[in-house]
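Source file: coords-v9.txt. Holds: compact mmCIF, C-alpha atoms.
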```txt
# COMPACT_ATOMS: atom_id res chain seq x y z
CA MET A 1 108.30 116.90 76.55
CA LEU A 2 110.51 115.58 73.77
CA GLU A 3 110.61 119.03 72.21
CA GLN A 4 112.89 119.95 75.13
CA VAL A 5 115.41 117.27 74.09
CA ASP A 6 118.24 118.07 71.68
CA ASP A 7 118.93 115.77 68.73
CA GLY A 8 121.27 112.88 69.40
CA TRP A 9 121.40 109.65 71.36
CA VAL A 10 118.60 108.73 73.77
CA LEU A 11 119.20 105.90 76.25
CA ASP A 12 116.21 103.62 76.81
CA LEU A 13 116.73 101.74 80.09
CA GLY A 14 114.59 98.61 80.00
CA CYS A 15 113.45 99.15 76.41
CA GLY A 16 111.27 96.03 76.35
CA SER A 17 109.47 95.59 73.03
CA GLY A 18 110.60 98.99 71.74
CA LEU A 19 107.22 100.71 72.00
CA VAL A 20 108.50 103.83 73.77
CA ALA A 21 111.60 103.91 71.54
CA GLN A 22 109.34 103.88 68.49
CA MET A 23 107.36 106.84 69.85
CA VAL A 24 110.59 108.77 70.44
CA LEU A 25 111.91 107.97 66.95
CA ASP A 26 108.60 109.01 65.36
CA GLN A 27 108.55 112.34 67.20
CA LYS A 28 112.27 113.16 66.99
CA THR A 29 113.45 112.43 63.46
CA ALA A 30 117.09 113.17 64.33
CA ALA A 31 117.09 111.08 67.52
CA ARG A 32 118.96 107.82 67.88
CA ILE A 33 118.02 105.17 70.43
CA PHE A 34 120.37 103.03 72.48
CA GLY A 35 118.04 100.46 74.06
CA ILE A 36 119.01 98.18 76.92
CA ASP A 37 117.02 95.20 78.16
CA SER A 38 117.89 91.97 79.96
CA SER A 39 115.38 89.87 78.03
CA ALA A 40 116.44 88.37 74.69
CA ALA A 41 112.76 87.80 73.85
CA MET A 42 111.93 91.48 74.41
CA LEU A 43 114.95 92.58 72.38
CA ASN A 44 113.75 90.36 69.51
CA LEU A 45 110.38 92.12 69.63
CA ALA A 46 112.18 95.49 69.73
CA GLU A 47 114.31 94.55 66.72
CA ASP A 48 111.18 93.72 64.73
CA ARG A 49 109.30 96.85 65.82
CA LEU A 50 112.27 99.14 65.23
CA ALA A 51 113.39 97.59 61.91
CA PRO A 52 112.21 100.65 59.90
CA TYR A 53 114.59 102.79 61.98
CA ILE A 54 117.55 100.40 61.87
CA GLU A 55 120.07 103.15 61.02
CA ARG A 56 119.06 105.03 64.18
CA VAL A 57 118.88 102.15 66.70
CA LYS A 58 121.35 100.12 68.70
CA LEU A 59 120.16 97.46 71.17
CA ALA A 60 122.13 95.78 73.93
CA GLN A 61 121.25 92.85 76.16
CA ALA A 62 122.19 93.77 79.71
CA ASP A 63 120.73 93.87 83.16
CA LEU A 64 120.07 97.24 84.77
CA THR A 65 122.05 96.01 87.78
CA SER A 66 125.24 95.77 85.70
CA LEU A 67 125.16 98.86 83.51
CA ASP A 68 128.88 99.38 84.11
CA ARG A 69 129.44 96.53 81.62
CA VAL A 70 127.44 98.25 78.87
CA GLU A 71 129.31 100.20 76.20
CA ALA A 72 126.74 102.89 75.63
CA PRO A 73 127.35 106.17 73.83
CA GLN A 74 128.59 109.09 75.89
CA GLY A 75 127.08 112.56 75.66
CA CYS A 76 123.49 111.39 75.23
CA THR A 77 120.83 114.08 75.07
CA ALA A 78 118.30 112.13 77.14
CA ALA A 79 117.52 108.89 78.93
CA ILE A 80 114.16 107.27 79.51
CA ALA A 81 113.17 104.57 81.97
CA VAL A 82 109.56 103.46 81.65
CA GLN A 83 108.33 100.82 84.08
CA SER A 84 111.82 99.39 84.50
CA LEU A 85 113.55 100.76 87.59
CA HIS A 86 111.03 99.52 90.19
CA HIS A 87 112.72 96.11 90.09
CA LEU A 88 115.90 97.58 91.60
CA ASP A 89 116.70 97.98 95.28
CA GLU A 90 117.95 101.37 96.47
CA THR A 91 121.64 100.58 95.99
CA GLN A 92 121.05 99.28 92.46
CA TYR A 93 118.79 102.25 91.66
CA ARG A 94 121.48 104.67 92.86
CA ALA A 95 124.06 102.99 90.58
CA ALA A 96 121.70 103.12 87.58
CA VAL A 97 120.98 106.81 88.16
CA ARG A 98 124.70 107.60 88.51
CA TRP A 99 125.54 105.62 85.34
CA THR A 100 122.81 107.50 83.48
CA PHE A 101 124.09 110.86 84.71
CA ASP A 102 127.60 109.95 83.55
CA HIS A 103 126.32 109.10 80.04
CA LEU A 104 124.34 112.31 79.53
CA ALA A 105 125.65 115.46 77.93
CA PRO A 106 125.47 118.70 79.90
CA GLY A 107 121.82 119.78 79.83
CA GLY A 108 120.69 116.17 79.22
CA TRP A 109 117.31 114.98 80.47
CA PHE A 110 116.36 111.84 82.42
CA PHE A 111 112.67 110.85 82.27
CA VAL A 112 111.47 108.22 84.75
CA ILE A 113 107.92 106.87 84.51
CA ASP A 114 107.45 104.08 87.00
CA ARG A 115 105.80 102.46 89.98
CA LEU A 116 106.31 104.23 93.30
CA ALA A 117 106.26 102.75 96.78
CA ILE A 118 103.68 103.69 99.34
CA PRO A 119 106.20 104.60 102.04
CA SER A 120 104.46 103.46 105.20
CA GLU A 121 101.68 101.43 106.74
CA ARG A 122 100.15 104.66 108.10
CA LEU A 123 99.64 105.95 104.54
CA TYR A 124 98.60 102.70 102.86
CA SER A 125 94.91 102.87 103.82
CA ALA A 126 94.55 106.27 102.08
CA PHE A 127 96.20 104.86 98.95
CA HIS A 128 93.92 101.80 99.00
CA ASP A 129 90.81 103.95 99.47
CA LEU A 130 91.81 106.15 96.53
CA ARG A 131 92.36 103.11 94.28
CA GLU A 132 88.93 101.73 95.23
CA ARG A 133 87.22 105.07 94.46
CA GLN A 134 89.00 105.07 91.09
CA GLY A 135 87.82 101.54 90.38
CA GLN A 136 91.42 100.30 90.26
CA SER A 137 91.56 98.05 93.25
CA PRO A 138 93.35 94.78 92.62
CA ASN A 139 95.71 95.93 95.40
CA PRO A 140 95.67 94.08 98.73
CA THR A 141 93.48 95.63 101.43
CA ASP A 142 96.19 95.77 104.12
CA TRP A 143 99.87 96.67 104.53
CA PRO A 144 101.20 93.10 105.05
CA GLY A 145 99.29 92.01 101.95
CA TYR A 146 100.78 94.91 99.97
CA LEU A 147 104.33 94.00 101.01
CA GLU A 148 103.73 90.35 100.11
CA TRP A 149 102.18 91.36 96.76
CA LEU A 150 105.29 93.43 95.92
CA GLU A 151 107.59 90.55 96.83
CA VAL A 152 105.65 87.97 94.81
CA ASN A 153 105.81 90.26 91.76
CA GLY A 154 109.53 90.97 92.19
CA ASP A 155 108.83 94.67 92.65
CA ARG A 156 110.90 96.94 94.89
CA PRO A 157 109.53 100.39 94.17
CA LEU A 158 110.99 103.32 96.03
CA PRO A 159 109.03 106.26 97.46
CA VAL A 160 109.02 109.38 95.31
CA GLN A 161 111.07 111.22 97.96
CA THR A 162 113.83 108.60 97.75
CA ILE A 163 113.98 108.70 93.94
CA LEU A 164 114.22 112.49 93.96
CA ARG A 165 117.04 112.28 96.53
CA LEU A 166 118.93 109.72 94.40
CA LEU A 167 118.58 111.95 91.34
CA GLU A 168 119.87 114.95 93.29
CA GLU A 169 122.76 112.94 94.79
CA ALA A 170 123.88 111.98 91.28
CA GLY A 171 123.94 115.62 90.23
CA PHE A 172 120.55 116.07 88.58
CA GLN A 173 118.16 118.90 89.27
CA SER A 174 114.97 116.91 89.74
CA ALA A 175 111.21 117.15 90.12
CA ALA A 176 108.14 114.96 90.29
CA LEU A 177 105.96 116.18 87.43
CA ASP A 178 103.02 113.86 87.99
CA VAL A 179 102.25 111.46 90.84
CA ARG A 180 99.02 109.48 90.96
CA GLY A 181 98.70 106.83 93.59
CA ASP A 182 101.67 104.51 93.09
CA ARG A 183 102.69 105.78 89.65
CA GLY A 184 104.76 108.80 88.79
CA MET A 185 106.69 110.76 86.21
CA LEU A 186 109.92 112.20 87.54
CA ILE A 187 112.55 114.13 85.66
CA GLY A 188 116.17 114.95 86.17
CA ARG A 189 118.27 117.37 84.21
CA ARG A 190 122.02 117.52 84.18
CA GLY A 191 123.46 120.99 84.58
CA ALA A 192 124.82 122.74 81.52
```

Could you rewrite the structure in this file as structure tokens?
Amino acid sequence: MLEQVDDGWVLDLGCGSGLVAQMVLDQKTAARIFGIDSSAAMLNLAEDRLAPYIERVKLAQADLTSLDRVEAPQGCTAAIAVQSLHHLDETQYRAAVRWTFDHLAPGGWFFVIDRLAIPSERLYSAFHDLRERQGQSPNPTDWPGYLEWLEVNGDRPLPVQTILRLLEEAGFQSAALDVRGDRGMLIGRRGA
């Protein structure tokens, strides 16, 4: 999908150890990464991993709930959020999506790969059955257990329908490209 992205700055929301940033930099030799993470330890790992690309990387320590305090480049060609936005509640998610939209150039892409919520108790049993058939069943067997499991892990995933709505509200044209159980890849593109 990176072949769709123009050269220039790519925002990495929740860059962690820099693994995804490294993949982007390897594939897009004219790309630059602006990585944001709240963890100093993760940013240290990212600095080490991304040292060979130092001229093309800028890292900032910030929480995704306070992006308005981050001085990120404007006119970015893309933004990526891999396994980072599911920690935000709906209001915080909306603000992060809006901030991202505002930092993208016309035609810019937003790639979200993350955990998704199972939206209701009525649907949870089908999700759990699927996970068991796939041999991926550490998930709780019932709805109350699922809700408790999310809370204990600090996760607040949103249903795919809600994420698509938030992308559209911000101004993106959006789609869910791949949804499997409680994981998905969603995209948004800013109009030209």

Residue contacts of A:Arg32 (9 Å, only C-alpha atoms) excluding same-chain residues fewer than 3 positions away, as a PyMOL selection string: chain A and resi 7-11+24-25+28-29+53+55-58

Among the residues A:Ala60, A:Gln173, A:Glu47, A:Ile80, the one that comes closest to A:Phe111 [using only C-alpha atoms]: A:Ile80

Between atom CA of A:Leu150 and atom CA of A:Asp89 - distance in Å to one decimal: 12.3 Å

Polymer residues at most 10 Å from A:Asp182, only C-alpha atoms, same-chain spacing of 2 or more positions, as a list in words: Asp114, Arg115, Leu116, Ala117, Ile118, Phe127, Arg131, Pro157, Leu158, Pro159, Val160, Val179, Arg180 and Gly184 of chain A

Please, could you write that set of residues out with C-alpha atoms as a PDB file, in the frame of the given file?
```pdb
ATOM      1  CA  ASP A 114     107.450 104.080  87.000  1.00  0.00           C
ATOM      2  CA  ARG A 115     105.800 102.460  89.980  1.00  0.00           C
ATOM      3  CA  LEU A 116     106.310 104.230  93.300  1.00  0.00           C
ATOM      4  CA  ALA A 117     106.260 102.750  96.780  1.00  0.00           C
ATOM      5  CA  ILE A 118     103.680 103.690  99.340  1.00  0.00           C
ATOM      6  CA  PHE A 127      96.200 104.860  98.950  1.00  0.00           C
ATOM      7  CA  ARG A 131      92.360 103.110  94.280  1.00  0.00           C
ATOM      8  CA  PRO A 157     109.530 100.390  94.170  1.00  0.00           C
ATOM      9  CA  LEU A 158     110.990 103.320  96.030  1.00  0.00           C
ATOM     10  CA  PRO A 159     109.030 106.260  97.460  1.00  0.00           C
ATOM     11  CA  VAL A 160     109.020 109.380  95.310  1.00  0.00           C
ATOM     12  CA  VAL A 179     102.250 111.460  90.840  1.00  0.00           C
ATOM     13  CA  ARG A 180      99.020 109.480  90.960  1.00  0.00           C
ATOM     14  CA  GLY A 184     104.760 108.800  88.790  1.00  0.00           C
TER      15      GLY A 184
END
```

Using only C-alpha atoms: which of A:Ala30, A:Leu88, A:Cys15, A:Ala126 has the shortest distance to A:Ser66: A:Leu88

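The residue that comes closest to A:Ala79, out of A:Leu50, A:Val97, A:Leu59, A:Leu130 and on the basis of only C-alpha atoms, is A:Val97.
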
Which residue of A:Ile33, A:Ala81, A:Leu13, A:Leu19 approaches A:Leu67 most closely, using all atoms listed in the file: A:Leu13

Proximity to A:Leu147 - best of A:Tyr93, A:Tyr124, A:Ala192, A:Gln83, all atoms listed in the file: A:Tyr124

Residue among A:Pro106, A:Arg190, A:Gln61, A:Thr77 lying closest to A:Ser38, counting only C-alpha atoms: A:Gln61

Interatomic distance (Å, one decimal) between atom CA of A:Ser125 and atom CA of A:Leu166: 26.7 Å

d(atom CA of A:Gly14, atom CA of A:Ile163) in Å: 17.2 Å
